[in-house]
Amino acid sequence: MATHETRMLIIGSGPAGLSAAIYGARAGMKPIVVQGLQPGGQLTITTDVENYPGFRDVIQGPWLMQEMQAQAEHVGTRMLWDTIVDIDLSGSPFTATGDSGDIYIGDTLVIATGAQAKWLGAPGEQEWSGKGVSACATCDGFFYRGKKVVVIGGGNTAVEEALYLTNHSQDVTLIHRRDSLRAERILQDRLFAHSNIKVLWNKAIDHFAGEDGKGLTHLDLVDTVTGARSQEAADGAFVAIGHAPATELFKGKLALDDSGYIVVTPGTPKTAIPGVFACGDVMDHTYRQAVTAAGTGCMAALDAERFLAERDFEIAQAAE
Ligand code: NDP
């Protein structure tokens with residue numbers, strides 16, 4: 001068991017956490033990043049990335065995260081492999097306990113634990129993941145230019161993804177388990193008005209099917225009212241049934257919204273506790289992009305630095 005102390009403790013090692021680390025390290029805060037169960041975050045389970053600025057050619061998600069980590073380490077970040085299981089947010093310095101038994105003490109805390117797309121759990125879903133099945137149309141829609149795609153879900157995300165996919169495909173089908181959507185009316189109006197989108201009501205996914213070398217080919221559906229079975233051909237299927245932020249650790253300690261995301265002062269990564277910042281998908285259910293996560297990670301580091309500068313100034317003044 002060891003105790004690790006730092007000016008900036010970062011929990012999570014996706015684009016948000018690593019961007020905070022790069023900025024924090026360059027500001028001399030000697031950050032520690034506790035990597036968590038999925039080092040590198042959601043990008044490590046994607047393949048091609050074409051929308052991260054700076055790369056003209058297709059890059060791989062895991063490679064991008066390795067590079068970000070190497071950059072963070074190069075400028076002075078310590079990466080530690082542990083999972084935080086308990087945290088004390090009663091005041092700076094903040095104390096976190098790792099699964100290993102190690103203790104982490106940070107003058108500031110940056111929460112970058114991210115979110116996970118929810119999956120249906122239907123047979124074939126994971127097998128064809130990355131080969132036709134995706135949870136992000138903005139990330140992967142481009143790969144289905146001119147092909148037939150389906151979106152599963154009935155909330156804002158599903159409807160936005162269906163509309164987005166019409167940029168690439170003339171054959172988009174929304175599949176929903178009930179006979180009405182929960183998406184906002186304005187989005188529904190746009191969806192129903194779009195000639196390239198059809199909606200299949202009352203359909204649950206029985207399984208995803210594909211062929212080796214070809215990828216996903218179709219979905220087997222069950223009507224949730226009649227029980228009738230049917231098939232829907234698809235080259236791409238986007239599961240859009242919501243995301244779950246990784247905020248279990250912070251329940252009762254930080255304000256969370258109805259969907260479990262950390263509440264921050266709008267336009268900033270500041271939580272209600274001075275010195276505690278949240279960045280990336282754990283506080284953002286709207287944009288959820290690697291580049292926006294990196295942006296808010298940078299903001300968290302800048303605000304952490306300001307917090308410490310102000311505190312150090314006050315301490316110095318009090319000592320005079
Ligand atoms: P939601 O929880 O709002 O919607 C999830 C959808 O998936 C629901 O229609 C639900 O069906 C369906 N679903 C859930 N589980 C299953 C399952 N096992 N099988 C089949 N269907 C399932 O999630 P969203 O990601 O759409 O939105 C999350 C939050 O983010 C919301 O508050 C939303 O308003 C917000 N958001 C806002 C945006 C904006 O303002 N532009 C954009 C995107 C999201 P059912 O309806 O039957 O429960």
# chains A, B, ... in the order shown; residues from 1 in each chain; ligands from 1
$ select_by_dssp --residues "region 79-291 of chain A" --states "alpha helix (DSSP H)" --output "PDB file with C-alpha atoms, in the first residue's frame"
ATOM      1  CA  ALA A 137     -23.515   7.677 -35.809  1.00  0.00           C
ATOM      2  CA  THR A 138     -21.420  10.847 -35.687  1.00  0.00           C
ATOM      3  CA  CYS A 139     -18.309   8.681 -35.351  1.00  0.00           C
ATOM      4  CA  ASP A 140     -19.129   5.880 -37.769  1.00  0.00           C
ATOM      5  CA  ASN A 156     -33.454  12.374 -28.764  1.00  0.00           C
ATOM      6  CA  THR A 157     -30.222  10.566 -29.514  1.00  0.00           C
ATOM      7  CA  ALA A 158     -31.858   7.991 -31.771  1.00  0.00           C
ATOM      8  CA  VAL A 159     -33.783  10.617 -33.723  1.00  0.00           C
ATOM      9  CA  GLU A 160     -30.749  12.897 -34.047  1.00  0.00           C
ATOM     10  CA  GLU A 161     -28.656   9.960 -35.227  1.00  0.00           C
ATOM     11  CA  ALA A 162     -31.271   8.973 -37.814  1.00  0.00           C
ATOM     12  CA  LEU A 163     -31.380  12.545 -39.116  1.00  0.00           C
ATOM     13  CA  TYR A 164     -27.585  12.751 -39.126  1.00  0.00           C
ATOM     14  CA  LEU A 165     -27.303   9.514 -41.081  1.00  0.00           C
ATOM     15  CA  ARG A 185     -41.535  17.148 -30.751  1.00  0.00           C
ATOM     16  CA  ILE A 186     -39.361  19.308 -33.011  1.00  0.00           C
ATOM     17  CA  LEU A 187     -37.024  16.379 -33.657  1.00  0.00           C
ATOM     18  CA  GLN A 188     -39.963  14.068 -34.293  1.00  0.00           C
ATOM     19  CA  ASP A 189     -41.407  16.539 -36.797  1.00  0.00           C
ATOM     20  CA  ARG A 190     -38.110  16.633 -38.667  1.00  0.00           C
ATOM     21  CA  LEU A 191     -37.867  12.855 -38.614  1.00  0.00           C
ATOM     22  CA  PHE A 192     -41.388  12.254 -39.938  1.00  0.00           C
ATOM     23  CA  ALA A 193     -40.929  14.910 -42.625  1.00  0.00           C
ATOM     24  CA  ALA A 290     -13.387  12.890 -28.347  1.00  0.00           C
ATOM     25  CA  VAL A 291     -12.558  16.423 -29.381  1.00  0.00           C
TER      26      VAL A 291
END
$ residues_near_ligand --ligand "ligand 1" --cutoff "6 Å" --atoms "only C-alpha atoms and all ligand atoms" --output "list in words"
Leu120, Gly153, Gly154, Gly155, Asn156, Thr157, Ala158, Arg177, Arg178, Leu181, Arg182, Ile241, Gly242, His243, His285 and Thr286 of chain A
$ select_by_dssp --residues "region 5-86 of chain A" --states "strand (DSSP E or B)" --output "PyMOL selection string"
chain A and resi 5-11+32-34+48-49+59-60+78-80+84-86
$ closest_residue --among "A:Lys270, A:Arg311, A:His74, A:Lys131" --to "Thr296 (chain A)" --atoms "only C-alpha atoms"
A:Lys270
$ residues_around --residues "Met29 (chain A)" --least-positions-apart "5" --cutoff "10 Å" --atoms "only C-alpha atoms" --output "list in words"
Thr6, Arg7, Met8, Leu9, Ala21, Tyr23, Gly24, Gly76, Thr77, Asp107, Thr108, Ala301, Ala304, Glu305 and Leu308 of chain A
$ closest_residue --among "A:Phe208, A:Phe307, A:Tyr144, A:Trp63" --to "Ala233 (chain A)" --atoms "only C-alpha atoms"
A:Phe208
$ atom_distance --atom1 "CA of Lys30 (chain A)" --atom2 "CA of Glu310 (chain A)"
18.0 Å
$ closest_residue --among "A:Gln116, A:Asn202, A:Ser19, A:Gln231" --to "Leu43 (chain A)" --atoms "only C-alpha atoms"
A:Gln116
$ residues_around --residues "Glu248 (chain A)" --least-positions-apart "6" --cutoff "12 Å" --atoms "only C-alpha atoms" --output "PDB file with N, CA, C and O atoms, in the first residue's frame"
ATOM      1  N   ILE A  84     -10.509   3.668  -8.642  1.00  0.00           N
ATOM      2  CA  ILE A  84     -10.904   4.335  -7.393  1.00  0.00           C
ATOM      3  C   ILE A  84     -12.215   3.720  -6.893  1.00  0.00           C
ATOM      4  O   ILE A  84     -13.190   3.628  -7.645  1.00  0.00           O
ATOM      5  N   VAL A  85     -12.213   3.319  -5.630  1.00  0.00           N
ATOM      6  CA  VAL A  85     -13.420   2.686  -5.078  1.00  0.00           C
ATOM      7  C   VAL A  85     -14.068   3.555  -4.001  1.00  0.00           C
ATOM      8  O   VAL A  85     -15.205   3.311  -3.609  1.00  0.00           O
ATOM      9  N   ASP A  86     -13.337   4.569  -3.515  1.00  0.00           N
ATOM     10  CA  ASP A  86     -13.931   5.447  -2.499  1.00  0.00           C
ATOM     11  C   ASP A  86     -13.287   6.828  -2.620  1.00  0.00           C
ATOM     12  O   ASP A  86     -12.130   6.933  -3.018  1.00  0.00           O
ATOM     13  N   ILE A  87     -14.063   7.840  -2.285  1.00  0.00           N
ATOM     14  CA  ILE A  87     -13.510   9.199  -2.410  1.00  0.00           C
ATOM     15  C   ILE A  87     -14.081  10.112  -1.336  1.00  0.00           C
ATOM     16  O   ILE A  87     -15.253  10.008  -0.981  1.00  0.00           O
ATOM     17  N   THR A 113     -14.323  10.343 -15.698  1.00  0.00           N
ATOM     18  CA  THR A 113     -14.613   8.901 -15.713  1.00  0.00           C
ATOM     19  C   THR A 113     -15.470   8.466 -16.898  1.00  0.00           C
ATOM     20  O   THR A 113     -15.696   7.278 -17.091  1.00  0.00           O
ATOM     21  N   GLY A 114     -15.982   9.428 -17.668  1.00  0.00           N
ATOM     22  CA  GLY A 114     -16.639   9.095 -18.925  1.00  0.00           C
ATOM     23  C   GLY A 114     -18.024   8.480 -18.796  1.00  0.00           C
ATOM     24  O   GLY A 114     -18.675   8.541 -17.745  1.00  0.00           O
ATOM     25  N   ALA A 115     -18.461   7.912 -19.880  1.00  0.00           N
ATOM     26  CA  ALA A 115     -19.774   7.262 -19.945  1.00  0.00           C
ATOM     27  C   ALA A 115     -19.644   6.064 -20.873  1.00  0.00           C
ATOM     28  O   ALA A 115     -18.698   5.961 -21.651  1.00  0.00           O
ATOM     29  N   LEU A 254     -21.726  14.595  -4.991  1.00  0.00           N
ATOM     30  CA  LEU A 254     -21.784  15.679  -5.971  1.00  0.00           C
ATOM     31  C   LEU A 254     -23.188  15.685  -6.566  1.00  0.00           C
ATOM     32  O   LEU A 254     -23.827  14.629  -6.654  1.00  0.00           O
ATOM     33  N   ALA A 255     -23.628  16.856  -7.016  1.00  0.00           N
ATOM     34  CA  ALA A 255     -24.952  16.923  -7.648  1.00  0.00           C
ATOM     35  C   ALA A 255     -24.908  16.206  -9.001  1.00  0.00           C
ATOM     36  O   ALA A 255     -24.005  16.443  -9.818  1.00  0.00           O
ATOM     37  N   LEU A 256     -25.860  15.304  -9.209  1.00  0.00           N
ATOM     38  CA  LEU A 256     -26.002  14.601 -10.482  1.00  0.00           C
ATOM     39  C   LEU A 256     -27.353  14.964 -11.076  1.00  0.00           C
ATOM     40  O   LEU A 256     -28.315  15.191 -10.332  1.00  0.00           O
ATOM     41  N   SER A 259     -30.256  11.987 -15.293  1.00  0.00           N
ATOM     42  CA  SER A 259     -29.665  10.853 -16.006  1.00  0.00           C
ATOM     43  C   SER A 259     -28.347  10.395 -15.375  1.00  0.00           C
ATOM     44  O   SER A 259     -27.678   9.518 -15.910  1.00  0.00           O
ATOM     45  N   GLY A 260     -27.967  11.032 -14.255  1.00  0.00           N
ATOM     46  CA  GLY A 260     -26.765  10.592 -13.540  1.00  0.00           C
ATOM     47  C   GLY A 260     -25.492  11.322 -13.921  1.00  0.00           C
ATOM     48  O   GLY A 260     -24.404  10.978 -13.437  1.00  0.00           O
ATOM     49  N   TYR A 261     -25.599  12.347 -14.794  1.00  0.00           N
ATOM     50  CA  TYR A 261     -24.403  13.101 -15.194  1.00  0.00           C
ATOM     51  C   TYR A 261     -24.048  14.138 -14.113  1.00  0.00           C
ATOM     52  O   TYR A 261     -24.948  14.675 -13.457  1.00  0.00           O
ATOM     53  N   ILE A 262     -22.753  14.417 -13.966  1.00  0.00           N
ATOM     54  CA  ILE A 262     -22.320  15.399 -12.973  1.00  0.00           C
ATOM     55  C   ILE A 262     -22.760  16.793 -13.420  1.00  0.00           C
ATOM     56  O   ILE A 262     -22.593  17.173 -14.581  1.00  0.00           O
ATOM     57  N   VAL A 282     -18.619  12.457 -18.740  1.00  0.00           N
ATOM     58  CA  VAL A 282     -19.254  12.305 -17.432  1.00  0.00           C
ATOM     59  C   VAL A 282     -20.115  13.518 -17.084  1.00  0.00           C
ATOM     60  O   VAL A 282     -20.992  13.442 -16.225  1.00  0.00           O
TER      61      VAL A 282
END
$ closest_residue --among "A:Arg26, A:His4, A:Lys253, A:His176" --to "Gly106 (chain A)" --atoms "only C-alpha atoms"
A:His4
$ residues_around --residues "region 209-223 of chain A" --least-positions-apart "6" --cutoff "12 Å" --atoms "only C-alpha atoms" --output "MDAnalysis selection string"
chainID A and resid 122:134 144 147:152 173 175:179 200:203 229:238
$ atom_distance --atom1 "CA of Gly121 (chain A)" --atom2 "CA of Ile11 (chain A)"
27.9 Å
$ closest_residue --among "A:Gln170, A:Thr83, A:Pro269, A:Thr97" --to "Gly295 (chain A)" --atoms "only C-alpha atoms"
A:Pro269
$ atom_distance --atom1 "CA of Ala16 (chain A)" --atom2 "CA of Glu314 (chain A)"
29.3 Å
$ closest_residue --among "A:Ala309, A:Gly40, A:Leu174, A:Pro274" --to "Gly28 (chain A)" --atoms "only C-alpha atoms"
A:Ala309
